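Undergrad: Pasting a structure here, questions to come.
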Amino acid sequence: MDHKLRYLLVVILCLTIAVHYAYSQSDNELAVRVIPNKIMENTEGIIQVYSNSEDAQQIDKLIATSSDSSVVQILGIEKETGGYFTDIKIKAVGDGDAKIALAAPGFLSKEFQMTVSKDTGDATNLLVKVTPGIFAYNGPTIGYVTVELANEGGFPTYAKEDTPITITSSDSGIVSIKTSQIIITKGSYFATGQFETKQEGNALISAVSPSMSTVSASVGVLAQDPQQTIQVYVFPEKINAFKAATGYIAVQLHDPSGNPVKAKEDIPIKVQITNSSGTESINTSHQNSVIQANEPLVIKKDSYWASIKITSNSGLNGTYTVSISAKGYIVSQPAQITTVTSNALFDDKSAHVDVLPILATGQKELIGVLHLQDSSGDPILAKRTMQIHIDSSDPTALSVNDVQLDYGSQAALVFGTVGNVAKSVTLNVVTENTQSINPTITSAPPSEFSLIAEPLVPKVLSHTDFPLAIYLSKNGALSTFGSNVTPLISPEAFIQTEQSSISKDQSIALVKSALLKEQTGTVSITTQDYSTSISIQGLSTKPQMIAMDYPENILANTIDTFSIEMLDGQQLPVSTGDDMEVKIVSSDPSVIATPDVVTVKKGTYYSTFEVQPKRSGSAEISVLGNEIPLSKYTVTVVSFVPVISISTPDYENLGSNFVATISVSYHDKSLTGMSIDWNVQGAQIQTKETVTDGSGNAKISLIAHDPSKITIQATAHGGIYDVASASKDVTILQPLSENKNPNAGGGTGSTMTIAGINPLFVVIPVAAGVAVFILKKKNLLVGVGEKINFADKFAEIREKIAELKER
């Protein structure tokens, strides 16, 4: 019976533990990090693999494959010190994409894509620029085409060997190539050729080199001058011919966009008036007295308008068309005027202004025609001589003169002084019935000549010579200088240029220049008559920034690998021309310690270094390099704090021999190989274990010699885990006092046993097993397990069973 019960106890205990662990299994995932983060072809790197689980498990027997060995080649696999990181050494053979597959026992397999970029020092693209891009048919004909080498990111790149470039034109009848073959010599990054314009039109200039795509730029050749239009207006559009009446014909010179523009010469204009059928010609000659406009109509040079009167005899009733013509100019559609012979109405209450387009010349200009009309729009005659005031919301933009309308007249011209800048303005015609007007004002176009400066090179590398083109533009097209000039180019702190002069009738001057800084700056160019400023960006093949890469999870008590990578202005990897020392500074070395200096070797673009995360917390790591902006990174270190407990009887007899057991775990997983430091007071140490076994336990055997209390202290440390301590007190049982009163009542207590075993030792494990199984089924075990260490309790039960067996 004794043996059967003991066997039953063991079976129940095993089943309980089995149920617990069967329900606590979980799949672990692999995490990866590529060093360097941006990897170039023909370089080597590392794929760092680690456990993504919360307890940082070690990875054994890792297997790695590449889907394309022409892109990524697996060189070998080895564990880092400590065993928690595994490094896969790789070689980036060529640019492109490859899938890396990873598998290891106890972990879910993982597949991810790696991208290998081309060497940023290799020229893979061409850049092309034409200077200038716009020519006039009757102007200078020679221009320049510059071709530049660039890497796959479009960044200027030096030629590693002489690179031939072929230049072609899409239409040699418009643009012919004078230099069809140019060579970008080894050590240079651009070359320049010439082209010549032939006739008006557009053509593409293309550049191509072996193994590089064709690039093109457009050249336009404009006609001598875009044609301008003369617009005709007749105001008022309806006049009362109860008696002889007068209106006005106004004309304006407009550019192709329909805006007023000043005439470069006097423009005489002919006027023809016909009836509505168009069959009867009513000329401007004196032979016809029905309706006429006999005054000469001329738009004067440097003006944009002209006006004359149009008069009608009394009793004339009809609609007439007013058309114009001018040699060498487009003219607008005709305007119309209607004459009526209704009874004349005299009034002074409602003045109306027909406003014309206005050019902001800073001078007095014709802005419209004022006339009187009733609410239906029919003409009214002035019943007295009137002075009509027109208010302006902004007199600096447009100030209108008072308009005088004579007795019996119907219309008068309106003049105003216009500002130099076009602004929005509102005019109010002040009569009994006020009219509000919002005239259209446009700014005068800029001077037809302007000074242009631009680099011949599409993108400029600092500290290298490049040609700066300086030329005059007339109406947007290349022109020539009218006199000898000496351009002044500044600031000298940003751009260095050779002294140069430009001769009269020269079209383009090329000035040898060099940018002194790797930044964008404004360059000013001034001559005797003109000035301009341009923005130029100075690029550099030297590293422009340093990027630091580090693990997503940084664990205390490990050695981690960080990397720094040299990047250009487009954040692409760039190799160093010489050894480059980079300073690394941690704001809190007690959290994470770094080396003082990391060297990136000549011809490489990254370097790795080891750091020592010491405790949980955050620290700022600063990365500093000569002539490179400071980079700062905030890193966070996390630590794993194990759970430890000491299991031993709460009471012991003086002189007895007993065992204390320490259990070390993390997230319910027993920790093997943890170092244990024991400190015991009140007992003699017989034997002790200083490293936890496969169950996360270590034991110490003691003999009690203190008559009152024994204190057991233990500290666990090792691996990636923080130091943790536990303490347990054991009370020494005192001997019972002798009963000196024989008459005192009492009796001896008895304890119920089954085959010599306390039944509680059977009931407790059975109840525990059932409770664990039920909690597991209801997904409640995790929360309970955090509060109750089942492993410790089972260990205590096993010790009790062992004691029972010895009895």
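Chain lettering (A, B, ...) mirrors the order of the structure tokens, residue numbering begins at 1 for each chain separately, and ligand numbering begins at 1 in order of display.
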Within 6 Å of region 67-74 of chain A, counting only C-alpha atoms, which residues show up once you throw out same-chain ones fewer than 5 positions away? Write them as a list in words, please.
TA: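 After dropping sequence-adjacent residues, the list is Ile90, Lys91, Ala92, Val93, Gly94, Ala98 and Lys99 of chain A.
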Undergrad: Using only all heavy atoms, please write the residues we just selected to a file, as a PDB file, in the first residue's frame.
TA:
ATOM      1  N   ILE A  90      28.380  37.902 -45.825  1.00  0.00           N
ATOM      2  CA  ILE A  90      27.888  37.910 -47.200  1.00  0.00           C
ATOM      3  C   ILE A  90      28.798  38.748 -48.074  1.00  0.00           C
ATOM      4  O   ILE A  90      29.561  39.582 -47.588  1.00  0.00           O
ATOM      5  CB  ILE A  90      26.446  38.466 -47.288  1.00  0.00           C
ATOM      6  CG1 ILE A  90      26.404  39.911 -46.759  1.00  0.00           C
ATOM      7  CG2 ILE A  90      25.461  37.582 -46.567  1.00  0.00           C
ATOM      8  CD1 ILE A  90      25.083  40.613 -46.998  1.00  0.00           C
ATOM      9  N   LYS A  91      28.681  38.511 -49.386  1.00  0.00           N
ATOM     10  CA  LYS A  91      29.348  39.353 -50.363  1.00  0.00           C
ATOM     11  C   LYS A  91      28.301  39.869 -51.339  1.00  0.00           C
ATOM     12  O   LYS A  91      27.538  39.081 -51.916  1.00  0.00           O
ATOM     13  CB  LYS A  91      30.425  38.587 -51.119  1.00  0.00           C
ATOM     14  CG  LYS A  91      31.162  39.471 -52.136  1.00  0.00           C
ATOM     15  CD  LYS A  91      32.299  38.739 -52.816  1.00  0.00           C
ATOM     16  CE  LYS A  91      33.040  39.666 -53.780  1.00  0.00           C
ATOM     17  NZ  LYS A  91      34.176  38.993 -54.449  1.00  0.00           N
ATOM     18  N   ALA A  92      28.246  41.202 -51.482  1.00  0.00           N
ATOM     19  CA  ALA A  92      27.348  41.804 -52.466  1.00  0.00           C
ATOM     20  C   ALA A  92      28.081  41.785 -53.803  1.00  0.00           C
ATOM     21  O   ALA A  92      28.960  42.610 -54.055  1.00  0.00           O
ATOM     22  CB  ALA A  92      26.977  43.224 -52.049  1.00  0.00           C
ATOM     23  N   VAL A  93      27.714  40.840 -54.636  1.00  0.00           N
ATOM     24  CA  VAL A  93      28.448  40.616 -55.879  1.00  0.00           C
ATOM     25  C   VAL A  93      28.075  41.645 -56.946  1.00  0.00           C
ATOM     26  O   VAL A  93      28.920  42.251 -57.586  1.00  0.00           O
ATOM     27  CB  VAL A  93      28.196  39.187 -56.401  1.00  0.00           C
ATOM     28  CG1 VAL A  93      28.989  38.945 -57.679  1.00  0.00           C
ATOM     29  CG2 VAL A  93      28.566  38.163 -55.335  1.00  0.00           C
ATOM     30  N   GLY A  94      26.767  41.845 -57.146  1.00  0.00           N
ATOM     31  CA  GLY A  94      26.289  42.781 -58.161  1.00  0.00           C
ATOM     32  C   GLY A  94      25.034  43.472 -57.695  1.00  0.00           C
ATOM     33  O   GLY A  94      24.401  43.067 -56.716  1.00  0.00           O
ATOM     34  N   ALA A  98      17.866  40.164 -54.089  1.00  0.00           N
ATOM     35  CA  ALA A  98      17.949  38.728 -53.811  1.00  0.00           C
ATOM     36  C   ALA A  98      17.166  38.436 -52.539  1.00  0.00           C
ATOM     37  O   ALA A  98      17.125  39.267 -51.627  1.00  0.00           O
ATOM     38  CB  ALA A  98      19.397  38.278 -53.658  1.00  0.00           C
ATOM     39  N   LYS A  99      16.534  37.270 -52.492  1.00  0.00           N
ATOM     40  CA  LYS A  99      15.807  36.849 -51.293  1.00  0.00           C
ATOM     41  C   LYS A  99      16.703  35.958 -50.443  1.00  0.00           C
ATOM     42  O   LYS A  99      17.296  35.000 -50.946  1.00  0.00           O
ATOM     43  CB  LYS A  99      14.524  36.122 -51.677  1.00  0.00           C
ATOM     44  CG  LYS A  99      13.465  37.038 -52.276  1.00  0.00           C
ATOM     45  CD  LYS A  99      12.164  36.301 -52.517  1.00  0.00           C
ATOM     46  CE  LYS A  99      11.095  37.265 -53.056  1.00  0.00           C
ATOM     47  NZ  LYS A  99       9.805  36.565 -53.308  1.00  0.00           N
TER      48      LYS A  99
END
Undergrad: Using DSSP assignments from the backbone, pull out every residue in region 205-323 of chain A that falls under strand (DSSP E) and give it to me as an MDAnalysis selection string.
TA: chainID A and resid 205:209 212:222 229:235 238:240 245:254 267:275 281:282 291:292 297:299 305:312 318:323
Undergrad: Leaving out Tyr651 (chain A) and any residue of its chain fewer than 2 positions from it, which residues lie within 8 Å of it when counting only C-alpha atoms, given as a PyMOL selection string?
TA: chain A and resi 649+653+730-733
Undergrad: Any idea what's packed within 12 Å of Thr692 (chain A), counting only C-alpha atoms, ignoring anything in its chain fewer than 4 positions away? Could you give it as a PyMOL selection string?
TA: chain A and resi 644+661-665+670-677+688+696-700+714-718
Undergrad: Emit the selected residues as a PDB file, in the first residue's frame, including C-alpha atoms.
TA:
ATOM      1  CA  ILE A 644      14.901  33.758  -8.114  1.00  0.00           C
ATOM      2  CA  THR A 661      17.619  25.107  -3.199  1.00  0.00           C
ATOM      3  CA  ILE A 662      17.724  28.275  -5.294  1.00  0.00           C
ATOM      4  CA  SER A 663      15.634  28.386  -8.490  1.00  0.00           C
ATOM      5  CA  VAL A 664      16.388  30.923 -11.251  1.00  0.00           C
ATOM      6  CA  SER A 665      13.982  31.589 -14.147  1.00  0.00           C
ATOM      7  CA  SER A 670      14.497  27.905 -16.088  1.00  0.00           C
ATOM      8  CA  LEU A 671      17.894  29.506 -16.577  1.00  0.00           C
ATOM      9  CA  THR A 672      20.829  27.135 -16.897  1.00  0.00           C
ATOM     10  CA  GLY A 673      24.442  28.113 -16.214  1.00  0.00           C
ATOM     11  CA  MET A 674      23.711  31.096 -13.957  1.00  0.00           C
ATOM     12  CA  SER A 675      26.453  31.778 -11.417  1.00  0.00           C
ATOM     13  CA  ILE A 676      25.296  31.623  -7.772  1.00  0.00           C
ATOM     14  CA  ASP A 677      27.014  33.371  -4.850  1.00  0.00           C
ATOM     15  CA  LYS A 688      27.269  23.956  -2.342  1.00  0.00           C
ATOM     16  CA  GLY A 696      17.659  26.305 -13.196  1.00  0.00           C
ATOM     17  CA  ASN A 697      18.420  25.053  -9.673  1.00  0.00           C
ATOM     18  CA  ALA A 698      21.462  25.066  -7.388  1.00  0.00           C
ATOM     19  CA  LYS A 699      21.648  23.486  -3.929  1.00  0.00           C
ATOM     20  CA  ILE A 700      23.536  24.051  -0.714  1.00  0.00           C
ATOM     21  CA  ALA A 714      21.971  33.999  -2.707  1.00  0.00           C
ATOM     22  CA  THR A 715      22.815  36.147  -5.732  1.00  0.00           C
ATOM     23  CA  ALA A 716      22.388  34.986  -9.347  1.00  0.00           C
ATOM     24  CA  HIS A 717      24.220  36.550 -12.294  1.00  0.00           C
ATOM     25  CA  GLY A 718      25.467  35.635 -15.740  1.00  0.00           C
TER      26      GLY A 718
END
Undergrad: Counting only C-alpha atoms, what are the residues of region 468-558 of chain A within 12 Å of region 583-592 of chain A, and for each of them which pair of atoms is the nearest and at what distance in Å, to one decimal? Sort the table by chain and rising number, as a tab-separated table.
TA:
residue	atom	partner	partner_atom	distance
A:Ile546	CA	A:Lys583	CA	11.0
A:Met548	CA	A:Ile584	CA	10.2
A:Ile554	CA	A:Ile592	CA	9.5
A:Leu555	CA	A:Ile592	CA	10.0
A:Ala556	CA	A:Val591	CA	8.3
A:Asn557	CA	A:Ile592	CA	9.8
A:Thr558	CA	A:Ile592	CA	10.3
Undergrad: Which residue, A:His352, A:His389, A:Lys110, A:Lys129, has the smallest gap to Leu456 (chain A) when you use only C-alpha atoms?
TA: A:Lys129
